[in-house]
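Engineer: Before I ask anything, let me first share the structure, which is written out below as structure tokens.
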Amino acid sequence: MIMSTHPTDDLLLHYVTGGLPRPFSVLVASHLAFCARCRVETERLEAVGGGLFVALEVRGEAESGLEALLARLDEPVPIEPPLPPSDAETSVRLPAPLRAFIRKPLKSLSWHEVLRGISIVDLASIKADGARARLVLTRRGLKVPRHIHDGTELTLVLSGGLTAEQGHFRRGDVMVVEPSVVHRPVMDDDEDCLCLAVTDGAVRFTGLIGRARQLLAGY
Ligand SMILES: [Zn+2]
């Protein structure tokens with residue numbers, strides 16, 4: 001298994017061409033706020049896309065689909081409404097692309113505890129194209145029950161850290177969990193762990209206790 005703390009090249013490419021469902025593009029944009037390496041890579045991909053378009057145009061071979069796709073790279077960036085003032089914790093924890101959707105202090109969001117030590121907020125404003133985004137706050141030191149994902153899950157760490165089969169992840173890192181991978185993260189001891197989790201499928205707990213809790217919590 002490839003260990004990485006960044007979105008895959010494929011995800012970055014789809015991000016640049018505007019082909020990602022909104023929850024995934026918000027997560028990638030939030031990662032870019034932390035990661036110079038991926039900012040450089042997205043700029044390179046944008047340049048490659050622009051260069052490809054020019055080459056095809058010179059040869060008179062620009063196809064309408066590709067043309068439309070590449071034209072999107074030149075679209076003006078929409079002007080976002082200014083971010084509302086927030087408390088210090090929220091401003092520190094959430095990068096700007098995420099705060100554009102979460103326009104309230106973290107403490108005033110509708111948290112609910114799905115398992116002991118794990119609370120989530122469903123980010124309905126980011127939900128789109130069958131994919132969903134949630135904030136997940138997990139108590140420091142917690143071992144999350146073993147579970148399996150029906151779809152792809154991307155997790156961006158916003159505070160604290162965790163260790164899973166895929167490696168160790170700290171603030172700004174992205175963990176990619178492919179479908180059908182059995183997954184059992186353990187949280188770092190030093191700080192509670194806040195993550196942005198984006199999924200395009202359900203999460204199933206595989207252990208007996210996990211399944212019972214899942215039924216009770218509707219997770
Ligand atoms: Zn990166």
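By order of appearance in the structure tokens: chains A, B, ..., then residues from 1 within every chain, and ligands from 1 in the order shown.
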Enumerate residues in contact with ligand 1: an atom-to-atom distance of at most 9 Å, counting only C-alpha atoms and all ligand atoms. Format the result as a ChimeraX atom specification.
Structural biologist: /A:4-8,28,31-32,34-39,41,172-174
Engineer: Stretch 18-197 of chain A: which residues are helix (DSSP H, G or I) by DSSP, as a ChimeraX atom specification?
Structural biologist: /A:22-34,36-58,64-74,88-93,96-99,106-108
Engineer: Write the residues you've just listed into a file as a PDB file, in the first residue's frame, and include C-alpha atoms for each of them.
Structural biologist:
ATOM      1  CA  ARG A  22     -18.162  19.665  -4.179  1.00  0.00           C
ATOM      2  CA  PRO A  23     -17.373  17.854  -0.866  1.00  0.00           C
ATOM      3  CA  PHE A  24     -14.140  16.488  -2.379  1.00  0.00           C
ATOM      4  CA  SER A  25     -13.158  19.814  -3.961  1.00  0.00           C
ATOM      5  CA  VAL A  26     -13.666  21.650  -0.626  1.00  0.00           C
ATOM      6  CA  LEU A  27     -11.406  19.075   1.046  1.00  0.00           C
ATOM      7  CA  VAL A  28      -8.694  19.421  -1.613  1.00  0.00           C
ATOM      8  CA  ALA A  29      -8.906  23.253  -1.470  1.00  0.00           C
ATOM      9  CA  SER A  30      -8.560  23.051   2.322  1.00  0.00           C
ATOM     10  CA  HIS A  31      -5.503  20.789   2.002  1.00  0.00           C
ATOM     11  CA  LEU A  32      -3.915  23.284  -0.419  1.00  0.00           C
ATOM     12  CA  ALA A  33      -4.157  25.923   2.335  1.00  0.00           C
ATOM     13  CA  PHE A  34      -1.685  23.756   4.317  1.00  0.00           C
ATOM     14  CA  ALA A  36       2.909  24.049  -0.647  1.00  0.00           C
ATOM     15  CA  ARG A  37       3.811  20.828  -2.502  1.00  0.00           C
ATOM     16  CA  CYS A  38       0.245  20.304  -3.738  1.00  0.00           C
ATOM     17  CA  ARG A  39      -0.193  24.028  -4.517  1.00  0.00           C
ATOM     18  CA  VAL A  40       2.824  23.796  -6.838  1.00  0.00           C
ATOM     19  CA  GLU A  41       1.463  20.591  -8.375  1.00  0.00           C
ATOM     20  CA  THR A  42      -1.999  22.090  -9.079  1.00  0.00           C
ATOM     21  CA  GLU A  43      -0.365  25.136 -10.682  1.00  0.00           C
ATOM     22  CA  ARG A  44       1.697  22.786 -12.863  1.00  0.00           C
ATOM     23  CA  LEU A  45      -1.433  20.865 -13.890  1.00  0.00           C
ATOM     24  CA  GLU A  46      -3.228  24.118 -14.719  1.00  0.00           C
ATOM     25  CA  ALA A  47      -0.273  25.174 -16.885  1.00  0.00           C
ATOM     26  CA  VAL A  48      -0.228  21.776 -18.641  1.00  0.00           C
ATOM     27  CA  GLY A  49      -3.985  22.077 -19.284  1.00  0.00           C
ATOM     28  CA  GLY A  50      -3.590  25.589 -20.735  1.00  0.00           C
ATOM     29  CA  GLY A  51      -0.615  24.519 -22.875  1.00  0.00           C
ATOM     30  CA  LEU A  52      -2.502  21.512 -24.221  1.00  0.00           C
ATOM     31  CA  PHE A  53      -5.390  23.738 -25.252  1.00  0.00           C
ATOM     32  CA  VAL A  54      -3.099  26.153 -27.111  1.00  0.00           C
ATOM     33  CA  ALA A  55      -1.390  23.238 -28.934  1.00  0.00           C
ATOM     34  CA  LEU A  56      -4.726  21.776 -30.071  1.00  0.00           C
ATOM     35  CA  GLU A  57      -6.015  25.172 -31.158  1.00  0.00           C
ATOM     36  CA  VAL A  58      -2.910  25.801 -33.294  1.00  0.00           C
ATOM     37  CA  SER A  64     -15.708  20.977 -28.166  1.00  0.00           C
ATOM     38  CA  GLY A  65     -15.739  18.855 -24.996  1.00  0.00           C
ATOM     39  CA  LEU A  66     -12.092  19.461 -24.254  1.00  0.00           C
ATOM     40  CA  GLU A  67     -12.404  23.086 -25.257  1.00  0.00           C
ATOM     41  CA  ALA A  68     -15.259  23.585 -22.803  1.00  0.00           C
ATOM     42  CA  LEU A  69     -13.308  21.806 -20.099  1.00  0.00           C
ATOM     43  CA  LEU A  70     -10.174  23.859 -20.593  1.00  0.00           C
ATOM     44  CA  ALA A  71     -12.118  27.107 -20.944  1.00  0.00           C
ATOM     45  CA  ARG A  72     -13.214  26.562 -17.352  1.00  0.00           C
ATOM     46  CA  LEU A  73      -9.630  27.077 -16.283  1.00  0.00           C
ATOM     47  CA  ASP A  74      -9.895  30.684 -17.481  1.00  0.00           C
ATOM     48  CA  ALA A  88     -10.220  32.263  17.829  1.00  0.00           C
ATOM     49  CA  GLU A  89     -10.464  28.459  17.980  1.00  0.00           C
ATOM     50  CA  THR A  90     -12.602  28.265  14.825  1.00  0.00           C
ATOM     51  CA  SER A  91     -10.336  30.675  12.931  1.00  0.00           C
ATOM     52  CA  VAL A  92      -7.258  28.648  13.873  1.00  0.00           C
ATOM     53  CA  ARG A  93      -8.749  25.199  13.200  1.00  0.00           C
ATOM     54  CA  ALA A  96     -10.570  29.599   4.696  1.00  0.00           C
ATOM     55  CA  PRO A  97     -12.060  27.251   2.023  1.00  0.00           C
ATOM     56  CA  LEU A  98     -13.828  25.368   4.796  1.00  0.00           C
ATOM     57  CA  ARG A  99     -14.904  28.432   6.762  1.00  0.00           C
ATOM     58  CA  LEU A 106     -17.264  25.315  15.937  1.00  0.00           C
ATOM     59  CA  LYS A 107     -18.832  25.167  19.397  1.00  0.00           C
ATOM     60  CA  SER A 108     -22.237  26.344  18.137  1.00  0.00           C
TER      61      SER A 108
END
Engineer: By how many Å are atom CA of A:Glu165 and atom CA of A:Leu196 apart?
Structural biologist: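 Separating atom CA of A:Glu165 from atom CA of A:Leu196 is a distance of 18.7 Å.
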Engineer: I'd like to know which of A:Phe169, A:Met3, A:Ile126, A:Val186 is closest to A:Arg139, using only C-alpha atoms.
Structural biologist: A:Val186
Engineer: Which one is closest to A:Val114: A:Val136, A:Val16, A:Pro95, A:Pro179? Count only C-alpha atoms.
Structural biologist: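 For A:Val114, the nearest of the candidates is A:Val136.
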Engineer: Would you work out the distance separating atom CA of A:Glu113 from atom CA of A:Leu135, expressed in Å to one decimal?
Structural biologist: 11.7 Å
Engineer: Please list as a list in words every residue within 8 Å of A:Lys143, counting only C-alpha atoms and excluding residues in the same chain fewer than 4 positions away.
Structural biologist: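 Here the answer would be Arg184, Pro185, Val186 and Met187 of chain A.
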Engineer: Could you write those residues out with N, CA and C atoms, as an mmCIF file, in the first residue's frame?
Structural biologist:
data_model
loop_
_atom_site.group_PDB
_atom_site.id
_atom_site.type_symbol
_atom_site.label_atom_id
_atom_site.label_comp_id
_atom_site.auth_asym_id
_atom_site.auth_seq_id
_atom_site.Cartn_x
_atom_site.Cartn_y
_atom_site.Cartn_z
ATOM 1 N N ARG A 184 -8.909 0.831 11.101
ATOM 2 C CA ARG A 184 -8.989 0.907 12.558
ATOM 3 C C ARG A 184 -8.037 1.988 13.074
ATOM 4 N N PRO A 185 -8.408 3.262 12.895
ATOM 5 C CA PRO A 185 -7.487 4.334 13.309
ATOM 6 C C PRO A 185 -7.355 4.467 14.821
ATOM 7 N N VAL A 186 -6.193 4.899 15.262
ATOM 8 C CA VAL A 186 -5.925 5.180 16.674
ATOM 9 C C VAL A 186 -5.511 6.646 16.778
ATOM 10 N N MET A 187 -6.172 7.386 17.667
ATOM 11 C CA MET A 187 -5.912 8.814 17.785
ATOM 12 C C MET A 187 -4.650 9.081 18.602
#
Engineer: Quick check, in Å to one decimal: how far apart do atom CA of A:Ser86 and atom CA of A:Leu154 lie?
Structural biologist: 26.1 Å
Engineer: For A:Glu153, which of A:Leu12, A:Cys195, A:Leu94, A:Ile120 is the closest residue, counting only C-alpha atoms?
Structural biologist: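 Closest candidate: A:Cys195.
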